[in-house]
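Chemist: Handing you a structure now.
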Amino acid sequence: MVTSTHLGAYLRARRELVRPEDVGLPGGGRRRVPGLRREELALLAGISADYYLRLEQGRDQHPSAQVVDALAGALMLDDDATAHLHRLARPAPRRRAGRPCAERALPGIRQLVMSWTDTPAFVQGRYTDVLAANPMATALGPYAQGVNLLRATFLDPRVRELHRDWEYAAPAVVASLRAVATSDSDDPRLTELVTELSARSEEFRRLWARHDVRPRTSGISRMNHPRVGPLELNFEKLSINGTDGQLLVVYHAEPGSPAAQSLALLSTIAAGRSA
């Protein structure tokens with residue numbers, strides 16, 4: 001039996017999300033599949049239906065860059081998703097099988113994070129584990145060392161209560177994990193995490209099946225904090241050189257804003273906890 005590859009699974013998932021009317025094809029009527037049919041996508045991309053079928057079934061796994069760009073255009077992929085499709089078509093050499101070493105924050109980065117007494121900051125590992133966090137981050141939310149943020153997002157009801165924009169934040173954390181883990185889709189740590197959450201959360205299972213890829217480097221997080229009330233904070237996610245996908249995550253407020261005043265109050269709370 002022919003089995004789909006990561007490339008084939010991605011193509012199928014994205015094909016099923018494109019409505020015929022979005023690409024100028026007649027919709028409606030009885031359609032046995034969601035989204036586009038294989039032959040419709042092949043026509044839009046300018047390739048044969050048989051060749052597209054081979055790609056989706058994994059019988060051909062290395063389309064040319066021109067074919068990848070044509071498929072990306074037909075699927076209406078953005079720049080991040082197109083880059084992801086290119087990586088799937090030209091995957092990096094696989095790492096040696098086996099469980100990866102435990103991630104650790106670099107000592108200098110850990111010291112930097114802990115030196116910020118009035119700014120929530122933490123180090124996020126490749127699989128969304130919190131590797132180091134200062135007291136402000138721990139007082140802000142589920143950002144304590146050892147917490148897996150993906151697991152907390154879908155399994156911890158306190159996280160859903162904290163984030164006013166949970167319906168946006170949850171898909172974003174899934175899409176950002178796919179962006180980071182592209183080259184290690186067979187990694188046992190990733191497989192273990194995805195298997196667990198797929199079994200325990202229908203929402204995660206649905207979002208993972210979409211194959212959305214969207215790195216998050218900055219944005220706005222809207223929270224209802226149990227101690228200081230509503231918060232609207234900016235966040236930055238900065239890549240840490242010399243690591244395998246680790247990020248330095250920093251939250252900050254607009255100077256003089258109500259959120260800045262709330263962060264100052266949170267700083268007092270955090271200082272009391274750590275005293």
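Going by the structure tokens order, chains are called A, B, ..., each with residues numbered from 1, while ligands are numbered from 1 in the order shown.
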Using only C-alpha atoms, what does the table of region 246-273 of chain A residues within 8 Å of region 131-148 of chain A look like, with each row giving the shortest atom pair and its distance in Å to one decimal, sorted by chain and ascending number, as a tab-separated table?
Modeler:
```
residue	atom	partner	partner_atom	distance
A:Leu266	CA	A:Ala139	CA	7.0
A:Ser267	CA	A:Met136	CA	6.2
A:Ile269	CA	A:Ala139	CA	7.6
A:Ala270	CA	A:Pro135	CA	5.6
A:Ala271	CA	A:Pro135	CA	7.4
A:Arg273	CA	A:Pro135	CA	7.9
```
Chemist: Can you pull out the residues contacting region 72-80 of chain A? Cut-off 9 Å, using only C-alpha atoms, and skip same-chain residues under 4 positions away; I want them as a list in words.
Modeler: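 Listing them by chain and then by number gives Leu11, Arg14, Arg15, Leu17, Val18, Val23, Leu41, Ala42, Leu43, Leu44, Ala45, Val67, Val68, His84, Leu85, Ala179, Val213, Arg214 and Pro215 of chain A.
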Chemist: Keeping only N, CA and C atoms, take the residues you just selected and write them out as a compact mmCIF listing (two decimals), in the first residue's frame.
Modeler:
```txt
# COMPACT_ATOMS: atom_id res chain seq x y z
N LEU A 11 0.22 18.64 1.46
CA LEU A 11 -0.54 19.02 0.27
C LEU A 11 -2.02 18.67 0.43
N ARG A 14 -3.75 21.10 2.97
CA ARG A 14 -3.98 22.45 2.45
C ARG A 14 -4.99 22.44 1.31
N ARG A 15 -4.99 21.39 0.49
CA ARG A 15 -5.97 21.27 -0.60
C ARG A 15 -7.38 21.25 -0.04
N LEU A 17 -8.51 22.72 2.45
CA LEU A 17 -8.90 24.00 3.04
C LEU A 17 -9.25 25.06 2.00
N VAL A 18 -9.00 24.78 0.73
CA VAL A 18 -9.26 25.77 -0.33
C VAL A 18 -10.63 25.49 -0.94
N VAL A 23 -10.81 30.09 -5.84
CA VAL A 23 -9.84 30.07 -6.93
C VAL A 23 -10.53 30.13 -8.29
N LEU A 41 -6.68 20.94 -8.36
CA LEU A 41 -5.43 21.55 -7.93
C LEU A 41 -4.35 21.37 -8.99
N ALA A 42 -4.27 20.18 -9.58
CA ALA A 42 -3.28 19.94 -10.63
C ALA A 42 -3.48 20.90 -11.79
N LEU A 43 -4.73 21.12 -12.19
CA LEU A 43 -5.02 22.04 -13.28
C LEU A 43 -4.58 23.45 -12.94
N LEU A 44 -4.87 23.89 -11.73
CA LEU A 44 -4.48 25.24 -11.31
C LEU A 44 -2.97 25.40 -11.26
N ALA A 45 -2.26 24.33 -10.89
CA ALA A 45 -0.80 24.40 -10.78
C ALA A 45 -0.10 24.14 -12.11
N VAL A 67 7.68 23.63 -9.60
CA VAL A 67 6.43 22.94 -9.29
C VAL A 67 5.95 23.32 -7.89
N VAL A 68 6.88 23.41 -6.95
CA VAL A 68 6.50 23.80 -5.59
C VAL A 68 5.88 25.19 -5.59
N HIS A 84 7.76 26.59 3.94
CA HIS A 84 7.58 25.28 4.56
C HIS A 84 7.42 24.19 3.50
N LEU A 85 6.66 24.49 2.47
CA LEU A 85 6.46 23.53 1.38
C LEU A 85 7.78 23.23 0.68
N ALA A 179 6.34 25.31 12.50
CA ALA A 179 7.38 26.08 11.83
C ALA A 179 8.76 25.72 12.37
N VAL A 213 1.40 26.69 9.24
CA VAL A 213 2.78 27.02 9.59
C VAL A 213 2.88 28.54 9.68
N ARG A 214 3.17 29.04 10.87
CA ARG A 214 3.22 30.48 11.04
C ARG A 214 4.14 30.83 12.21
N PRO A 215 5.40 31.14 11.95
CA PRO A 215 6.29 31.55 13.05
C PRO A 215 5.78 32.83 13.69
```
Chemist: Find, counting only C-alpha atoms, the residue in A:Ala13, A:Ala170, A:Leu207, A:Leu71 that gets nearest to Glu40 (chain A).
Modeler: A:Leu71
Chemist: Please identify which residues in region 71-249 of chain A DSSP calls alpha helix (DSSP H) from the backbone, and express them as a PyMOL selection string.
Modeler: chain A and resi 71-74+79-89+107-115+135-140+149-155+157-162+166-180+188-200+202-209
Chemist: A:Phe154, A:Phe122, A:Trp116, A:Tyr10: which is nearest Thr82 (chain A), counting only C-alpha atoms?
Modeler: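 Looking at the shortest contact to Thr82 (chain A), the residue is A:Tyr10.
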Chemist: As a PyMOL selection string, please: every residue in region 73-228 of chain A that a backbone DSSP assignment puts in strand (DSSP E or B).
Modeler: chain A and resi 121-124+129-133+148+163+218-225
Chemist: Could those selected residues go to a file with C-alpha atoms, as a JSON list (two decimals), in the first residue's frame?
Modeler:
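Done, and the output landed in again.json:
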```
[["chain", "number", "residue", "atom", "x", "y", "z"],
["A", 121, "ALA", "CA", 10.89, 37.02, 30.37],
["A", 122, "PHE", "CA", 11.56, 33.34, 29.84],
["A", 123, "VAL", "CA", 13.44, 30.93, 27.58],
["A", 124, "GLN", "CA", 11.29, 28.69, 25.38],
["A", 129, "ASP", "CA", 9.14, 23.83, 27.13],
["A", 130, "VAL", "CA", 9.95, 26.68, 29.54],
["A", 131, "LEU", "CA", 13.67, 26.25, 30.19],
["A", 132, "ALA", "CA", 14.16, 29.29, 32.43],
["A", 133, "ALA", "CA", 11.82, 32.00, 33.71],
["A", 148, "ASN", "CA", 5.29, 22.77, 28.38],
["A", 163, "HIS", "CA", -6.03, 34.54, 27.63],
["A", 218, "SER", "CA", 6.10, 39.39, 17.93],
["A", 219, "GLY", "CA", 2.52, 40.30, 18.66],
["A", 220, "ILE", "CA", 0.01, 41.37, 21.27],
["A", 221, "SER", "CA", -1.33, 39.17, 24.05],
["A", 222, "ARG", "CA", -4.60, 40.08, 25.77],
["A", 223, "MET", "CA", -5.05, 38.64, 29.23],
["A", 224, "ASN", "CA", -7.40, 38.67, 32.20],
["A", 225, "HIS", "CA", -4.94, 38.32, 35.05]]
```
Chemist: Could you check which of A:Asp212, A:Cys101, A:Gly256, A:Ile240 is closest to Ala81 (chain A), using only C-alpha atoms?
Modeler: A:Asp212
Chemist: Near region 200-205 of chain A, within 10 Å and counting only C-alpha atoms, which residues show up once chain neighbours fewer than 2 positions away are dropped, as number ranges by chain?
Modeler: A: 150-151, 153-155, 170-171, 174, 194-198, 207-210
Chemist: Taking all heavy atoms for each residue, export the selection above as a compact mmCIF listing (two decimals), in the first residue's frame.
Modeler:
```txt
# COMPACT_ATOMS: atom_id res chain seq x y z
N LEU A 150 2.66 24.21 25.05
CA LEU A 150 1.67 23.61 24.17
C LEU A 150 0.70 22.76 24.99
O LEU A 150 -0.53 22.85 24.82
CB LEU A 150 2.36 22.76 23.10
CG LEU A 150 1.46 22.20 22.01
CD1 LEU A 150 0.92 23.30 21.12
CD2 LEU A 150 2.20 21.18 21.17
N ARG A 151 1.22 21.95 25.88
CA ARG A 151 0.38 21.12 26.72
C ARG A 151 -0.52 21.99 27.61
O ARG A 151 -1.71 21.72 27.76
CB ARG A 151 1.26 20.19 27.57
CG ARG A 151 0.46 19.18 28.39
CD ARG A 151 1.39 18.31 29.22
NE ARG A 151 2.13 17.35 28.41
CZ ARG A 151 3.45 17.36 28.25
NH1 ARG A 151 4.18 18.31 28.83
NH2 ARG A 151 4.04 16.45 27.51
N THR A 153 -1.56 25.03 27.07
CA THR A 153 -2.56 25.75 26.28
C THR A 153 -3.83 24.94 26.09
O THR A 153 -4.94 25.47 26.16
CB THR A 153 -1.97 26.12 24.91
OG1 THR A 153 -0.86 27.01 25.09
CG2 THR A 153 -3.01 26.80 24.03
N PHE A 154 -3.69 23.64 25.89
CA PHE A 154 -4.85 22.81 25.57
C PHE A 154 -5.38 22.00 26.75
O PHE A 154 -6.54 21.56 26.70
CB PHE A 154 -4.51 21.87 24.41
CG PHE A 154 -4.36 22.58 23.10
CD1 PHE A 154 -3.11 23.00 22.67
CD2 PHE A 154 -5.47 22.87 22.32
CE1 PHE A 154 -2.97 23.68 21.46
CE2 PHE A 154 -5.34 23.55 21.13
CZ PHE A 154 -4.09 23.97 20.69
N LEU A 155 -4.58 21.81 27.79
CA LEU A 155 -5.01 20.93 28.87
C LEU A 155 -5.21 21.65 30.21
O LEU A 155 -5.82 21.07 31.12
CB LEU A 155 -3.99 19.80 29.05
CG LEU A 155 -3.74 18.91 27.83
CD1 LEU A 155 -2.75 17.79 28.18
CD2 LEU A 155 -5.03 18.33 27.27
N ALA A 170 -4.32 29.82 20.65
CA ALA A 170 -4.15 28.36 20.54
C ALA A 170 -3.72 27.94 19.14
O ALA A 170 -2.74 27.20 18.98
CB ALA A 170 -5.45 27.66 20.95
N PRO A 171 -4.40 28.39 18.06
CA PRO A 171 -3.90 28.04 16.73
C PRO A 171 -2.49 28.56 16.47
O PRO A 171 -1.71 27.92 15.76
CB PRO A 171 -4.92 28.70 15.78
CG PRO A 171 -6.15 28.87 16.59
CD PRO A 171 -5.68 29.12 17.99
N VAL A 174 0.23 26.25 17.90
CA VAL A 174 0.35 25.04 17.10
C VAL A 174 1.10 25.33 15.80
O VAL A 174 2.01 24.59 15.41
CB VAL A 174 -1.05 24.45 16.79
CG1 VAL A 174 -0.94 23.28 15.83
CG2 VAL A 174 -1.72 24.00 18.09
N VAL A 194 2.84 15.28 20.31
CA VAL A 194 1.68 15.37 19.41
C VAL A 194 0.72 14.21 19.66
O VAL A 194 -0.51 14.39 19.66
CB VAL A 194 2.15 15.38 17.94
CG1 VAL A 194 0.97 15.22 16.99
CG2 VAL A 194 2.88 16.69 17.65
N THR A 195 1.25 13.01 19.89
CA THR A 195 0.39 11.85 20.15
C THR A 195 -0.41 12.05 21.43
O THR A 195 -1.62 11.77 21.48
CB THR A 195 1.24 10.58 20.26
OG1 THR A 195 1.94 10.36 19.04
CG2 THR A 195 0.37 9.37 20.57
N GLU A 196 0.24 12.54 22.46
CA GLU A 196 -0.46 12.78 23.73
C GLU A 196 -1.58 13.79 23.58
O GLU A 196 -2.72 13.55 23.99
CB GLU A 196 0.53 13.26 24.79
CG GLU A 196 -0.17 13.63 26.11
CD GLU A 196 0.70 14.48 27.03
OE1 GLU A 196 1.90 14.69 26.71
OE2 GLU A 196 0.18 14.92 28.06
N LEU A 197 -1.27 14.92 22.95
CA LEU A 197 -2.27 15.98 22.84
C LEU A 197 -3.39 15.61 21.86
O LEU A 197 -4.53 16.01 22.05
CB LEU A 197 -1.60 17.28 22.41
CG LEU A 197 -0.75 17.92 23.51
CD1 LEU A 197 0.03 19.11 22.96
CD2 LEU A 197 -1.61 18.35 24.67
N SER A 198 -3.05 14.84 20.84
CA SER A 198 -4.09 14.39 19.91
C SER A 198 -5.09 13.49 20.61
O SER A 198 -6.29 13.50 20.29
CB SER A 198 -3.45 13.65 18.73
OG SER A 198 -2.64 14.52 17.96
N LEU A 207 -6.57 21.31 14.97
CA LEU A 207 -5.63 22.33 14.54
C LEU A 207 -4.36 21.71 13.95
O LEU A 207 -3.82 22.22 12.96
CB LEU A 207 -5.28 23.25 15.71
CG LEU A 207 -6.41 24.15 16.20
CD1 LEU A 207 -6.02 24.83 17.51
CD2 LEU A 207 -6.77 25.20 15.15
N TRP A 208 -3.87 20.64 14.54
CA TRP A 208 -2.66 19.98 14.02
C TRP A 208 -2.90 19.43 12.63
O TRP A 208 -2.02 19.47 11.76
CB TRP A 208 -2.22 18.89 14.98
CG TRP A 208 -0.88 18.29 14.64
CD1 TRP A 208 -0.63 17.08 14.08
CD2 TRP A 208 0.41 18.90 14.85
NE1 TRP A 208 0.72 16.88 13.93
CE2 TRP A 208 1.38 17.99 14.39
CE3 TRP A 208 0.82 20.13 15.37
CZ2 TRP A 208 2.75 18.26 14.43
CZ3 TRP A 208 2.18 20.40 15.43
CH2 TRP A 208 3.12 19.48 14.97
N ALA A 209 -4.12 18.95 12.38
CA ALA A 209 -4.46 18.37 11.08
C ALA A 209 -4.50 19.41 9.97
O ALA A 209 -4.42 19.07 8.79
CB ALA A 209 -5.80 17.64 11.16
N ARG A 210 -4.61 20.69 10.33
CA ARG A 210 -4.64 21.74 9.31
C ARG A 210 -3.26 22.00 8.70
O ARG A 210 -3.15 22.57 7.62
CB ARG A 210 -5.15 23.06 9.93
CG ARG A 210 -6.63 23.09 10.22
CD ARG A 210 -6.99 24.39 10.91
NE ARG A 210 -6.59 25.54 10.12
CZ ARG A 210 -7.35 26.15 9.21
NH1 ARG A 210 -8.58 25.71 8.99
NH2 ARG A 210 -6.90 27.21 8.55
```
Chemist: Please compute the CA of Asp118 (chain A)-CA of Val159 (chain A) distance, one decimal, in Å.
Modeler: 22.0 Å
